[in-house]
>>> print(open('data-v4.txt').read())   # compact mmCIF, C-alpha atoms
# COMPACT_ATOMS: atom_id res chain seq x y z
CA MET A 29 -49.81 103.32 115.27
CA ASN A 30 -48.70 106.02 112.93
CA PHE A 31 -45.57 105.47 110.98
CA ASN A 32 -43.29 108.29 110.05
CA ALA A 33 -39.66 108.96 109.20
CA THR A 34 -38.64 107.66 112.62
CA LEU A 35 -38.82 104.23 110.98
CA ILE A 36 -36.04 105.14 108.56
CA GLY A 37 -34.08 106.92 111.25
CA GLN A 38 -34.21 103.86 113.48
CA THR A 39 -33.13 101.54 110.70
CA VAL A 40 -30.17 103.77 109.86
CA THR A 41 -29.23 104.14 113.53
CA PHE A 42 -29.46 100.40 113.99
CA ILE A 43 -27.21 99.74 111.01
CA VAL A 44 -24.64 102.25 112.30
CA PHE A 45 -24.69 100.67 115.77
CA VAL A 46 -24.29 97.16 114.38
CA TRP A 47 -21.45 98.35 112.15
CA PHE A 48 -19.68 99.98 115.08
CA CYS A 49 -20.20 96.91 117.24
CA MET A 50 -18.92 94.64 114.50
CA LYS A 51 -15.86 96.79 113.89
CA TYR A 52 -14.80 98.04 117.31
CA VAL A 53 -16.54 96.07 120.05
CA TRP A 54 -16.95 92.42 119.15
CA PRO A 55 -13.56 91.52 117.60
CA PRO A 56 -11.28 92.83 120.38
CA LEU A 57 -13.44 91.35 123.13
CA MET A 58 -13.73 88.02 121.34
CA ALA A 59 -10.01 87.98 120.63
CA ALA A 60 -9.22 88.66 124.27
CA LEU A 61 -11.63 85.94 125.39
CA GLU A 62 -10.20 83.41 122.97
CA GLU A 63 -6.67 84.34 123.94
CA ARG A 64 -7.56 83.91 127.58
CA ASN A 65 -9.18 80.57 126.80
CA ALA A 66 -6.00 79.49 125.07
CA ARG A 67 -3.97 80.70 128.03
CA ILE A 68 -6.13 78.84 130.50
CA THR A 69 -6.00 75.68 128.40
CA GLU A 70 -2.26 76.04 128.19
CA GLY A 71 -2.05 76.62 131.92
CA LEU A 72 -4.12 73.56 132.63
CA ALA A 73 -2.00 71.49 130.27
CA ALA A 74 1.12 72.81 131.96
CA ALA A 75 -0.30 71.95 135.36
CA GLU A 76 -1.07 68.45 134.14
CA ARG A 77 2.41 68.16 132.70
CA GLY A 78 3.83 69.34 135.99
CA GLN A 79 1.74 66.77 137.82
CA LYS A 80 3.01 64.06 135.51
CA ASP A 81 6.58 65.26 135.93
CA LEU A 82 6.14 65.20 139.66
CA GLU A 83 4.79 61.68 139.55
CA GLN A 84 7.67 60.60 137.39
CA ALA A 85 10.13 62.29 139.70
CA GLN A 86 8.51 60.60 142.69
CA ALA A 87 8.70 57.23 140.96
CA LYS A 88 12.34 57.93 140.14
CA VAL A 89 13.01 58.97 143.69
CA SER A 90 11.50 55.82 145.14
CA GLU A 91 13.40 53.78 142.57
CA ASN A 92 16.64 55.50 143.51
CA LEU A 93 15.83 55.02 147.14
CA ASP A 94 15.30 51.32 146.65
CA GLU A 95 18.54 51.08 144.73
CA ALA A 96 20.37 52.99 147.40
CA LYS A 97 18.90 50.79 150.08
CA GLN A 98 19.96 47.74 148.16
CA GLN A 99 23.44 49.14 147.69
CA ALA A 100 23.68 50.01 151.35
CA GLN A 101 22.59 46.49 152.24
CA GLU A 102 25.23 45.11 149.91
CA ILE A 103 27.86 47.34 151.41
CA ILE A 104 26.84 46.31 154.90
CA ASN A 105 26.95 42.65 153.91
CA GLN A 106 30.35 43.10 152.37
CA ALA A 107 31.57 44.93 155.43
CA GLN A 108 30.25 42.19 157.67
CA LYS A 109 31.89 39.59 155.53
CA ARG A 110 35.13 41.53 155.60
CA ALA A 111 34.88 41.99 159.33
CA ASN A 112 34.33 38.27 159.77
CA GLU A 113 37.30 37.62 157.57
CA ILE A 114 39.42 40.03 159.56
CA VAL A 115 38.27 38.49 162.81
CA ASP A 116 38.94 35.01 161.47
CA GLY A 117 42.34 36.12 160.23
CA ALA A 118 43.08 37.70 163.55
CA LYS A 119 42.00 34.54 165.31
CA ASP A 120 44.31 32.49 163.10
CA ILE A 121 47.19 34.82 163.71
CA ALA A 122 46.47 34.82 167.44
CA ARG A 123 46.29 31.06 167.49
CA GLU A 124 49.56 30.80 165.60
CA GLU A 125 51.14 33.31 167.93
CA ALA A 126 49.78 31.46 170.92
CA ASP A 127 51.12 28.19 169.54
CA LYS A 128 54.46 29.79 168.94
CA ILE A 129 54.57 31.18 172.46
CA LYS A 130 53.42 27.86 173.83
CA ASN A 131 56.06 25.98 171.87
CA ALA A 132 58.73 28.37 172.99
CA ALA A 133 57.57 28.03 176.55
CA THR A 134 57.49 24.27 176.23
CA ALA A 135 60.99 24.25 174.76
CA ASP A 136 62.15 26.52 177.53
CA ILE A 137 60.57 24.31 180.13
CA ASP A 138 62.11 21.24 178.57
CA GLN A 139 65.48 22.88 178.52
CA GLN A 140 65.18 23.90 182.12
CA VAL A 141 63.94 20.46 183.10
CA ASN A 142 66.89 18.94 181.27
CA SER A 143 69.40 21.25 182.89
CA ALA A 144 67.80 20.68 186.26
CA ARG A 145 67.92 16.98 185.64
CA GLU A 146 71.54 17.22 184.56
CA GLN A 147 72.40 19.19 187.67
CA LEU A 148 70.44 16.83 189.83
CA ARG A 149 72.15 13.92 188.21
CA LYS A 150 75.49 15.43 188.94
CA GLU A 151 74.53 16.19 192.52
CA VAL A 152 72.98 12.76 192.96
CA SER A 153 76.12 11.12 191.58
CA GLY A 154 78.17 13.26 194.00
CA ILE A 155 75.88 12.28 196.87
CA ALA A 156 75.86 8.68 195.80
CA LEU A 157 79.64 8.75 195.56
CA ALA A 158 79.96 10.32 198.99
CA GLY A 159 77.42 7.78 200.33
CA ALA A 160 79.25 4.95 198.74
CA GLU A 161 82.58 6.28 200.14
CA GLN A 162 81.17 6.38 203.52
CA ILE A 163 79.61 2.94 203.14
CA LEU A 164 82.78 1.42 201.75
CA LYS A 165 84.97 3.55 203.98
CA ARG A 166 87.60 3.49 201.46
CA GLU A 167 88.85 5.43 198.55
CA VAL A 168 86.87 4.86 195.56
CA ASN A 169 88.65 5.58 192.42
CA ALA A 170 86.29 7.88 190.65
CA ASP A 171 87.96 7.25 187.44
CA ALA A 172 87.77 3.49 187.83
CA HIS A 173 84.12 3.53 188.62
CA ALA A 174 83.13 6.32 186.31
CA ALA A 175 81.41 3.94 183.99
CA VAL A 176 79.32 2.50 186.85
CA LEU A 177 78.49 5.94 188.12
CA ASP A 178 77.46 7.22 184.71
CA GLU A 179 75.21 4.23 184.35
CA LEU A 180 73.75 5.05 187.72
CA VAL A 181 73.26 8.66 186.85
CA ALA A 182 71.56 7.69 183.64
CA GLN A 183 69.11 5.56 185.58
CA ILE A 184 68.03 8.39 187.78
CA MET B 15 -49.40 119.32 134.63
CA ALA B 16 -53.07 119.00 135.22
CA TYR B 17 -55.28 116.62 133.31
CA ALA B 18 -58.98 116.99 132.73
CA ASN B 19 -59.59 113.27 133.22
CA SER B 20 -57.79 109.96 133.27
CA GLY B 21 -58.44 109.41 129.58
CA GLU B 22 -56.50 112.53 128.77
CA TYR B 23 -53.71 111.44 131.15
CA ILE B 24 -53.33 108.14 129.37
CA LYS B 25 -53.51 109.68 125.94
CA HIS B 26 -50.90 112.24 126.87
CA HIS B 27 -48.52 109.55 128.10
CA LEU B 28 -48.89 107.57 124.92
CA THR B 29 -48.19 110.46 122.56
CA ASN B 30 -44.78 110.95 121.07
CA LEU B 31 -42.96 114.20 120.72
CA VAL B 32 -43.25 114.65 116.97
CA TYR B 33 -41.36 117.17 114.89
CA GLY B 34 -42.57 117.87 111.41
CA GLN B 35 -44.15 120.28 108.98
CA HIS B 36 -47.51 121.74 109.90
CA PRO B 37 -50.15 121.98 107.17
CA ASP B 38 -49.58 125.72 106.99
CA GLY B 39 -45.97 125.10 105.97
CA SER B 40 -44.20 125.97 109.24
CA TRP B 41 -41.97 123.44 111.02
CA GLY B 42 -42.36 122.58 114.69
CA PHE B 43 -43.54 120.13 117.33
CA ALA B 44 -47.00 118.66 117.02
CA HIS B 45 -49.53 119.35 119.76
CA GLY B 46 -51.96 116.48 119.97
CA ALA B 47 -52.88 113.53 117.82
CA ASP B 48 -54.62 115.56 115.13
CA GLU B 49 -51.55 117.61 114.34
CA ILE B 50 -49.42 114.46 114.25
CA LYS B 51 -51.76 112.97 111.69
CA GLU B 52 -51.59 116.10 109.56
CA MET B 53 -47.80 115.96 109.44
CA GLY B 54 -47.92 112.66 107.55
CA PHE B 55 -44.93 110.40 107.02
CA TRP B 56 -42.19 113.01 106.88
CA SER B 57 -42.10 113.83 110.54
CA ILE B 58 -39.99 112.37 113.25
CA ASN B 59 -40.52 111.14 116.80
CA VAL B 60 -37.87 113.19 118.52
CA ASP B 61 -38.23 111.45 121.88
CA SER B 62 -37.89 107.96 120.40
CA MET B 63 -34.87 108.98 118.39
CA PHE B 64 -33.26 110.80 121.31
CA PHE B 65 -33.63 108.00 123.84
CA SER B 66 -32.85 105.16 121.45
CA ILE B 67 -29.71 106.83 120.12
CA GLY B 68 -28.71 107.88 123.64
CA LEU B 69 -29.08 104.33 124.95
CA GLY B 70 -27.34 102.90 121.90
CA VAL B 71 -24.42 105.25 122.40
CA LEU B 72 -24.31 104.37 126.08
CA PHE B 73 -24.23 100.68 125.18
CA LEU B 74 -21.47 101.12 122.61
CA TRP B 75 -19.50 103.43 124.89
CA ILE B 76 -19.50 100.92 127.77
CA PHE B 77 -18.70 97.98 125.53
CA ARG B 78 -16.03 99.89 123.63
CA LYS B 79 -14.38 100.75 126.93
CA ALA B 80 -14.47 97.09 127.90
CA ALA B 81 -13.10 96.09 124.50
CA LYS B 82 -10.16 98.46 124.90
CA LYS B 83 -9.41 97.15 128.36
CA ALA B 84 -9.83 93.51 127.41
CA SER B 85 -6.75 91.45 128.13
CA THR B 86 -5.90 87.91 129.06
CA ASP B 87 -5.63 88.80 132.73
CA ALA B 88 -8.43 87.98 135.12
CA PRO B 89 -11.26 90.48 134.51
CA THR B 90 -12.78 92.44 137.36
CA GLY B 91 -16.08 94.18 138.01
CA LEU B 92 -17.73 95.70 134.97
CA GLN B 93 -15.22 94.07 132.63
CA ASN B 94 -16.26 90.68 133.96
CA PHE B 95 -19.93 91.48 133.50
CA ILE B 96 -19.39 92.66 129.91
CA GLU B 97 -17.41 89.54 129.09
CA MET B 98 -20.12 87.41 130.64
CA ILE B 99 -22.67 89.01 128.28
CA ILE B 100 -20.32 88.54 125.32
CA GLU B 101 -19.92 84.86 126.14
CA PHE B 102 -23.66 84.46 126.61
CA ILE B 103 -24.31 86.01 123.18
CA ASP B 104 -21.56 83.94 121.62
CA ASP B 105 -23.06 80.76 123.07
CA SER B 106 -26.51 81.69 121.76
CA VAL B 107 -25.15 82.41 118.30
CA ARG B 108 -23.13 79.21 118.21
CA GLY B 109 -26.17 77.26 119.37
CA SER B 110 -28.58 78.65 116.79
CA PHE B 111 -26.46 79.68 113.83
CA SER B 112 -24.89 76.77 111.97
CA GLY B 113 -22.81 78.69 109.43
CA LYS B 114 -19.93 81.06 109.85
CA ASN B 115 -20.66 84.74 109.54
CA PRO B 116 -18.81 87.52 111.36
CA LEU B 117 -21.89 89.77 111.24
CA ILE B 118 -24.25 87.58 113.25
CA ALA B 119 -22.69 87.81 116.70
CA PRO B 120 -22.22 91.60 116.80
CA LEU B 121 -25.72 91.94 115.36
CA ALA B 122 -27.13 89.73 118.09
CA LEU B 123 -25.20 91.63 120.76
CA THR B 124 -26.44 94.99 119.50
CA ILE B 125 -30.02 93.77 119.31
CA PHE B 126 -29.98 92.21 122.76
CA ILE B 127 -28.37 95.03 124.70
CA TRP B 128 -29.97 97.87 122.81
CA ILE B 129 -33.47 96.45 123.09
CA PHE B 130 -32.86 95.57 126.72
CA LEU B 131 -31.82 99.14 127.49
CA MET B 132 -34.76 100.59 125.57
CA ASN B 133 -37.11 98.25 127.42
CA PHE B 134 -35.45 99.12 130.68
CA MET B 135 -36.69 102.70 130.37
CA ASP B 136 -40.09 101.16 131.10
CA LEU B 137 -39.04 100.59 134.70
CA LEU B 138 -38.45 104.28 135.32
CA ALA B 139 -41.47 105.90 136.86
CA VAL B 140 -43.88 106.98 134.13
CA ASP B 141 -44.22 110.56 135.29
CA HIS B 142 -40.79 111.67 136.45
CA ILE B 143 -38.89 112.36 133.25
CA PRO B 144 -41.91 113.52 131.22
CA GLY B 145 -42.89 115.72 134.19
CA LEU B 146 -39.42 117.22 134.28
CA ALA B 147 -39.55 117.74 130.53
CA ALA B 148 -42.90 119.44 130.88
CA LEU B 149 -41.32 121.94 133.26
CA LEU B 150 -38.75 122.64 130.54
CA GLY B 151 -41.53 123.26 128.07
CA ILE B 152 -41.56 119.97 126.20
CA PRO B 153 -45.24 119.10 125.72
CA TYR B 154 -44.96 115.37 125.08
CA LEU B 155 -42.34 112.81 125.97
CA LYS B 156 -42.42 109.03 125.68
CA ILE B 157 -39.25 107.73 127.25
CA VAL B 158 -39.57 104.05 126.29
CA PRO B 159 -38.45 103.85 122.65
CA SER B 160 -39.60 100.25 122.25
CA THR B 161 -43.22 101.28 122.84
CA ASP B 162 -42.95 103.17 119.55
CA PRO B 163 -43.78 100.87 116.61
CA ASN B 164 -41.46 102.95 114.46
CA VAL B 165 -38.55 101.77 116.57
CA THR B 166 -39.45 98.09 116.62
CA PHE B 167 -40.30 98.04 112.92
CA GLY B 168 -37.10 99.93 112.19
CA LEU B 169 -35.17 97.09 113.80
CA SER B 170 -37.18 94.28 112.29
CA LEU B 171 -37.03 95.78 108.79
CA ALA B 172 -33.25 95.92 109.00
CA VAL B 173 -33.26 92.28 110.08
CA PHE B 174 -35.68 91.49 107.25
CA ALA B 175 -33.36 93.17 104.75
CA LEU B 176 -30.52 90.98 106.03
CA VAL B 177 -32.72 87.89 105.72
CA LEU B 178 -33.49 88.77 102.09
CA TYR B 179 -29.85 89.61 101.39
CA TYR B 180 -28.50 86.35 102.76
CA SER B 181 -31.29 84.31 101.19
CA VAL B 182 -30.34 85.63 97.76
CA LYS B 183 -26.62 85.50 98.47
CA MET B 184 -26.50 81.94 99.80
CA LYS B 185 -29.19 80.29 97.66
CA GLY B 186 -29.06 82.52 94.60
CA ALA B 187 -32.11 84.39 93.31
CA GLY B 188 -33.38 81.22 91.64
CA GLY B 189 -32.88 79.12 94.72
CA PHE B 190 -34.65 81.65 96.89
CA PHE B 191 -37.55 81.79 94.46
CA ALA B 192 -37.66 77.99 94.33
CA GLU B 193 -37.86 77.89 98.09
CA LEU B 194 -40.84 80.23 98.00
CA ALA B 195 -42.57 78.67 95.01
CA PHE B 196 -42.05 74.89 95.18
CA HIS B 197 -42.94 74.27 98.82
CA PRO B 198 -44.89 72.87 100.53
CA PHE B 199 -47.01 71.65 97.56
CA PRO B 200 -45.77 70.33 94.19
CA LYS B 201 -44.79 72.69 91.40
CA PHE B 202 -48.13 72.94 89.63
CA MET B 203 -49.64 74.63 92.70
CA MET B 204 -47.08 77.38 92.56
CA PRO B 205 -49.43 80.32 93.21
CA ILE B 206 -50.67 78.76 96.43
CA ASN B 207 -47.12 78.03 97.48
CA LEU B 208 -46.10 81.59 96.75
CA VAL B 209 -48.94 82.96 98.86
CA LEU B 210 -48.21 80.62 101.75
CA GLU B 211 -44.47 81.10 101.76
CA GLY B 212 -44.85 84.82 101.09
CA VAL B 213 -47.02 85.19 104.17
CA THR B 214 -44.47 83.19 106.18
CA LEU B 215 -41.72 85.45 104.95
CA ILE B 216 -43.58 88.68 105.64
CA ALA B 217 -44.71 87.38 109.02
CA LYS B 218 -41.11 87.28 110.20
CA PRO B 219 -40.43 91.02 110.48
CA VAL B 220 -44.02 91.83 111.36
CA SER B 221 -44.16 89.34 114.21
CA LEU B 222 -40.72 90.40 115.44
CA ALA B 223 -41.69 94.04 115.60
CA LEU B 224 -45.24 93.58 116.86
CA ARG B 225 -44.24 91.14 119.60
CA LEU B 226 -41.79 93.57 121.08
CA PHE B 227 -44.00 96.59 120.56
CA GLY B 228 -47.07 94.85 121.93
CA ASN B 229 -45.37 93.63 125.07
CA MET B 230 -43.76 96.94 125.83
CA TYR B 231 -46.81 98.99 124.96
CA ALA B 232 -49.03 96.84 127.15
CA GLY B 233 -46.51 96.96 129.98
CA GLU B 234 -46.28 100.73 129.74
CA MET B 235 -50.05 100.97 129.65
CA ILE B 236 -50.35 98.97 132.86
CA PHE B 237 -47.76 101.19 134.52
CA ILE B 238 -49.79 104.23 133.47
CA LEU B 239 -53.01 102.68 134.78
CA ILE B 240 -51.32 101.85 138.08
CA ALA B 241 -49.99 105.40 138.21
CA LEU B 242 -53.56 106.61 137.83
CA MET B 243 -54.48 104.85 141.06
CA TYR B 244 -52.21 107.18 142.99
CA SER B 245 -54.73 109.95 142.41
CA GLY B 246 -57.57 107.79 143.77
CA GLY B 247 -57.10 108.48 147.46
CA TRP B 248 -55.00 106.89 150.22
CA ALA B 249 -56.28 103.34 150.07
CA MET B 250 -56.05 103.14 146.30
CA GLY B 251 -52.65 104.76 146.41
CA ILE B 252 -51.19 102.20 148.78
CA PHE B 253 -52.78 99.35 146.84
CA GLY B 254 -51.38 100.87 143.67
CA GLY B 255 -47.92 101.02 145.25
CA PHE B 256 -47.95 97.29 145.84
CA LEU B 257 -49.25 96.66 142.36
CA HIS B 258 -46.56 98.91 140.94
CA LEU B 259 -43.81 97.04 142.77
CA GLY B 260 -45.18 93.66 141.72
CA TRP B 261 -45.58 94.63 138.10
CA ALA B 262 -42.12 96.24 138.00
CA ILE B 263 -40.48 93.08 139.33
CA PHE B 264 -42.40 90.98 136.84
CA HIS B 265 -41.48 93.43 134.13
CA ILE B 266 -37.76 92.91 134.73
CA LEU B 267 -38.35 89.41 133.45
CA ILE B 268 -40.41 90.60 130.48
CA ILE B 269 -37.95 93.20 129.22
CA THR B 270 -35.06 90.72 129.35
CA LEU B 271 -37.14 87.99 127.78
CA GLN B 272 -38.35 90.23 124.95
CA ALA B 273 -34.81 91.35 124.16
CA PHE B 274 -33.67 87.72 124.21
CA ILE B 275 -36.54 86.56 122.00
CA PHE B 276 -35.87 89.29 119.45
CA MET B 277 -32.19 88.33 119.38
CA THR B 278 -32.78 84.58 119.15
CA LEU B 279 -35.39 84.87 116.42
CA THR B 280 -33.08 87.15 114.45
CA ILE B 281 -30.34 84.55 114.66
CA VAL B 282 -32.73 81.77 113.70
CA TYR B 283 -34.17 83.69 110.72
CA LEU B 284 -30.68 84.48 109.46
CA ASP B 285 -29.68 80.86 109.97
CA MET B 286 -32.66 79.74 107.90
CA ALA B 287 -31.76 82.29 105.24
CA SER B 288 -28.15 81.10 105.13
CA GLN B 289 -28.93 77.41 104.83
CA THR B 290 -28.48 76.21 101.28
CA ASP B 291 -30.19 72.85 101.59
CA HIS B 292 -33.87 72.91 102.33
>>> encode(input="data-v4.txt", output="structure tokens")
Amino acid sequence: MNFNATLIGQTVTFIVFVWFCMKYVWPPLMAALEERNARITEGLAAAERGQKDLEQAQAKVSENLDEAKQQAQEIINQAQKRANEIVDGAKDIAREEADKIKNAATADIDQQVNSAREQLRKEVSGIALAGAEQILKREVNADAHAAVLDELVAQI
Amino acid sequence: MAYANSGEYIKHHLTNLVYGQHPDGSWGFAHGADEIKEMGFWSINVDSMFFSIGLGVLFLWIFRKAAKKASTDAPTGLQNFIEMIIEFIDDSVRGSFSGKNPLIAPLALTIFIWIFLMNFMDLLAVDHIPGLAALLGIPYLKIVPSTDPNVTFGLSLAVFALVLYYSVKMKGAGGFFAELAFHPFPKFMMPINLVLEGVTLIAKPVSLALRLFGNMYAGEMIFILIALMYSGGWAMGIFGGFLHLGWAIFHILIITLQAFIFMTLTIVYLDMASQTDH
């Protein structure tokens, strides 16, 4: 081992290298690395936020869905109720109508029966009169016996 | 180049290319160990300087390029590798250095990469570049700067200067003296304390430099010895080839480890120097 001025030269060189490294190499690289770290951290945080947002949105969606389902059910129930009401109402109206028609028909029938009866009565009184004429073989005063005949007709 | 014997081969490979003043007053390269000795302190190991500065510039050039390109986008290729190293250094510094000092991390980075690159020259075949240089008329060439104690001591002395500077700056001159004088024994045994702590203090740069130098020098020596086997006939040559491969693979570990140890110890020493409470 023989020492010479190389020792000093190396020390000086070393100091220059360290100075250069400290000034021009380390700070920009470190800054870039730290910036990237910050960016990655930020990105991860953003991803987490996004995940949370998504979860919230999903929760909201399911909530809305439930609500909508409930509303739909309500609407359906209401509609069914309304339909029942309408049907009931229609039934009532139909029944009323039917009653009316039935009543009218009954009245009509009654009227016809009455008129038929009236006609029959008249015919029967005619026949009875003719029969009685033939039986008695003499003129029967229709006017004189009208009361008897009417009574007879009423009995038929 | 022909060598008279293996001793001369080894000696030649372990001699630096030294530029200095000959005893007769002329300047030039030294030929042989005797001339180097005659040149005294004011001569310079041209090969060590050339390769260490070249590798240092290469390191700074690559890292400066990466620093310019650095952005928050996803890095690719070399950029990624550089940033990986930066993060590794940053982790090491954060792990070992408790204070806050903008010098420590760049210092650690420079030490780690520069020493690694200088050590890496060890893996290049011992004869190729010096052989090529010999063809160009350069008599001696040691391509591994870290096998030159001047280089390793140059580094460790700079680190030592920083240790002294921060010791005085953080603790004050009195505090630094107190640390040396009043430990580990009570005050009345101050001289003993001073000797003990003084040795501890001096041991830091010496051990730093010698550890690196010793490992690299020994590794280079083994490479040279293995290279000698190639001239020992076919069987020895093939055996030497396997040895060479094995040692080179093992050496990859050593050169990285030595660079890492130098860096870590530098951080630890500076951490100790910066701590105000003892």
>>> interface_residues(input="data-v4.txt", of="chain B", to="chain A", cutoff="6 Å", atoms="all atoms listed in the file", output="list in words")
Phe55, Trp56, Ser57, Ile58, Asn59, Arg78, Ala81, Ala84, Ser85, Thr86, Pro120, Leu121, Thr124, Asn164, Val165, Gly168, Leu169 and Ala172 of chain B
>>> write_last_selection(input="data-v4.txt", atoms="C-alpha atoms", output="PDB file, in the coordinates of the input")
ATOM      1  CA  PHE B  55     -44.930 110.400 107.020  1.00  0.00           C
ATOM      2  CA  TRP B  56     -42.190 113.010 106.880  1.00  0.00           C
ATOM      3  CA  SER B  57     -42.100 113.830 110.540  1.00  0.00           C
ATOM      4  CA  ILE B  58     -39.990 112.370 113.250  1.00  0.00           C
ATOM      5  CA  ASN B  59     -40.520 111.140 116.800  1.00  0.00           C
ATOM      6  CA  ARG B  78     -16.030  99.890 123.630  1.00  0.00           C
ATOM      7  CA  ALA B  81     -13.100  96.090 124.500  1.00  0.00           C
ATOM      8  CA  ALA B  84      -9.830  93.510 127.410  1.00  0.00           C
ATOM      9  CA  SER B  85      -6.750  91.450 128.130  1.00  0.00           C
ATOM     10  CA  THR B  86      -5.900  87.910 129.060  1.00  0.00           C
ATOM     11  CA  PRO B 120     -22.220  91.600 116.800  1.00  0.00           C
ATOM     12  CA  LEU B 121     -25.720  91.940 115.360  1.00  0.00           C
ATOM     13  CA  THR B 124     -26.440  94.990 119.500  1.00  0.00           C
ATOM     14  CA  ASN B 164     -41.460 102.950 114.460  1.00  0.00           C
ATOM     15  CA  VAL B 165     -38.550 101.770 116.570  1.00  0.00           C
ATOM     16  CA  GLY B 168     -37.100  99.930 112.190  1.00  0.00           C
ATOM     17  CA  LEU B 169     -35.170  97.090 113.800  1.00  0.00           C
ATOM     18  CA  ALA B 172     -33.250  95.920 109.000  1.00  0.00           C
TER      19      ALA B 172
END
>>> atom_distance(input="data-v4.txt", atom1="CA of Gln147 in chain A", atom2="CA of Ala174 in chain A")
16.8 Å
>>> closest_residue(input="data-v4.txt", among="A:Arg149, A:Asn112, A:Asp138, A:Glu83", to="Glu179 in chain A", atoms="all atoms listed in the file")
A:Arg149
>>> closest_residue(input="data-v4.txt", among="B:Leu72, B:Ile67, B:Met243, B:Leu271", to="Arg225 in chain B", atoms="all atoms listed in the file")
B:Leu271
>>> closest_residue(input="data-v4.txt", among="A:Leu93, A:Gly159, A:Glu146, A:Leu164", to="Ala182 in chain A", atoms="all atoms listed in the file")
A:Glu146
>>> atom_distance(input="data-v4.txt", atom1="CA of Glu234 in chain B", atom2="CA of Asp136 in chain B")
6.4 Å
>>> axis_aligned_box(input="data-v4.txt", around="range 174-182 of chain A", padding_each_side="4 Å", output="lines of an AutoDock Vina configuration file")
center_x = 77.3
center_y = 5.6
center_z = 185.9
size_x = 19.6
size_y = 14.2
size_z = 12.5
>>> atom_distance(input="data-v4.txt", atom1="CA of Phe174 in chain B", atom2="CA of Leu137 in chain B")
29.1 Å
>>> closest_residue(input="data-v4.txt", among="A:Asp116, A:Asp178, A:Asp171, A:Asp136", to="Val152 in chain A", atoms="only C-alpha atoms")
A:Asp178
>>> residues_around(input="data-v4.txt", residues="Glu193 in chain B", least_positions_apart="2", cutoff="12 Å", atoms="all atoms listed in the file", output="PDB file with C-alpha atoms, in the coordinates of the input")
ATOM      1  CA  SER B 181     -31.290  84.310 101.190  1.00  0.00           C
ATOM      2  CA  VAL B 182     -30.340  85.630  97.760  1.00  0.00           C
ATOM      3  CA  LYS B 185     -29.190  80.290  97.660  1.00  0.00           C
ATOM      4  CA  GLY B 186     -29.060  82.520  94.600  1.00  0.00           C
ATOM      5  CA  ALA B 187     -32.110  84.390  93.310  1.00  0.00           C
ATOM      6  CA  GLY B 188     -33.380  81.220  91.640  1.00  0.00           C
ATOM      7  CA  GLY B 189     -32.880  79.120  94.720  1.00  0.00           C
ATOM      8  CA  PHE B 190     -34.650  81.650  96.890  1.00  0.00           C
ATOM      9  CA  PHE B 191     -37.550  81.790  94.460  1.00  0.00           C
ATOM     10  CA  ALA B 195     -42.570  78.670  95.010  1.00  0.00           C
ATOM     11  CA  PHE B 196     -42.050  74.890  95.180  1.00  0.00           C
ATOM     12  CA  HIS B 197     -42.940  74.270  98.820  1.00  0.00           C
ATOM     13  CA  PRO B 198     -44.890  72.870 100.530  1.00  0.00           C
ATOM     14  CA  PHE B 199     -47.010  71.650  97.560  1.00  0.00           C
ATOM     15  CA  PRO B 200     -45.770  70.330  94.190  1.00  0.00           C
ATOM     16  CA  LYS B 201     -44.790  72.690  91.400  1.00  0.00           C
ATOM     17  CA  MET B 204     -47.080  77.380  92.560  1.00  0.00           C
ATOM     18  CA  ASN B 207     -47.120  78.030  97.480  1.00  0.00           C
ATOM     19  CA  LEU B 208     -46.100  81.590  96.750  1.00  0.00           C
ATOM     20  CA  LEU B 210     -48.210  80.620 101.750  1.00  0.00           C
ATOM     21  CA  GLU B 211     -44.470  81.100 101.760  1.00  0.00           C
ATOM     22  CA  GLY B 212     -44.850  84.820 101.090  1.00  0.00           C
ATOM     23  CA  THR B 214     -44.470  83.190 106.180  1.00  0.00           C
ATOM     24  CA  LEU B 215     -41.720  85.450 104.950  1.00  0.00           C
ATOM     25  CA  MET B 286     -32.660  79.740 107.900  1.00  0.00           C
ATOM     26  CA  ALA B 287     -31.760  82.290 105.240  1.00  0.00           C
ATOM     27  CA  GLN B 289     -28.930  77.410 104.830  1.00  0.00           C
ATOM     28  CA  THR B 290     -28.480  76.210 101.280  1.00  0.00           C
ATOM     29  CA  ASP B 291     -30.190  72.850 101.590  1.00  0.00           C
ATOM     30  CA  HIS B 292     -33.870  72.910 102.330  1.00  0.00           C
TER      31      HIS B 292
END
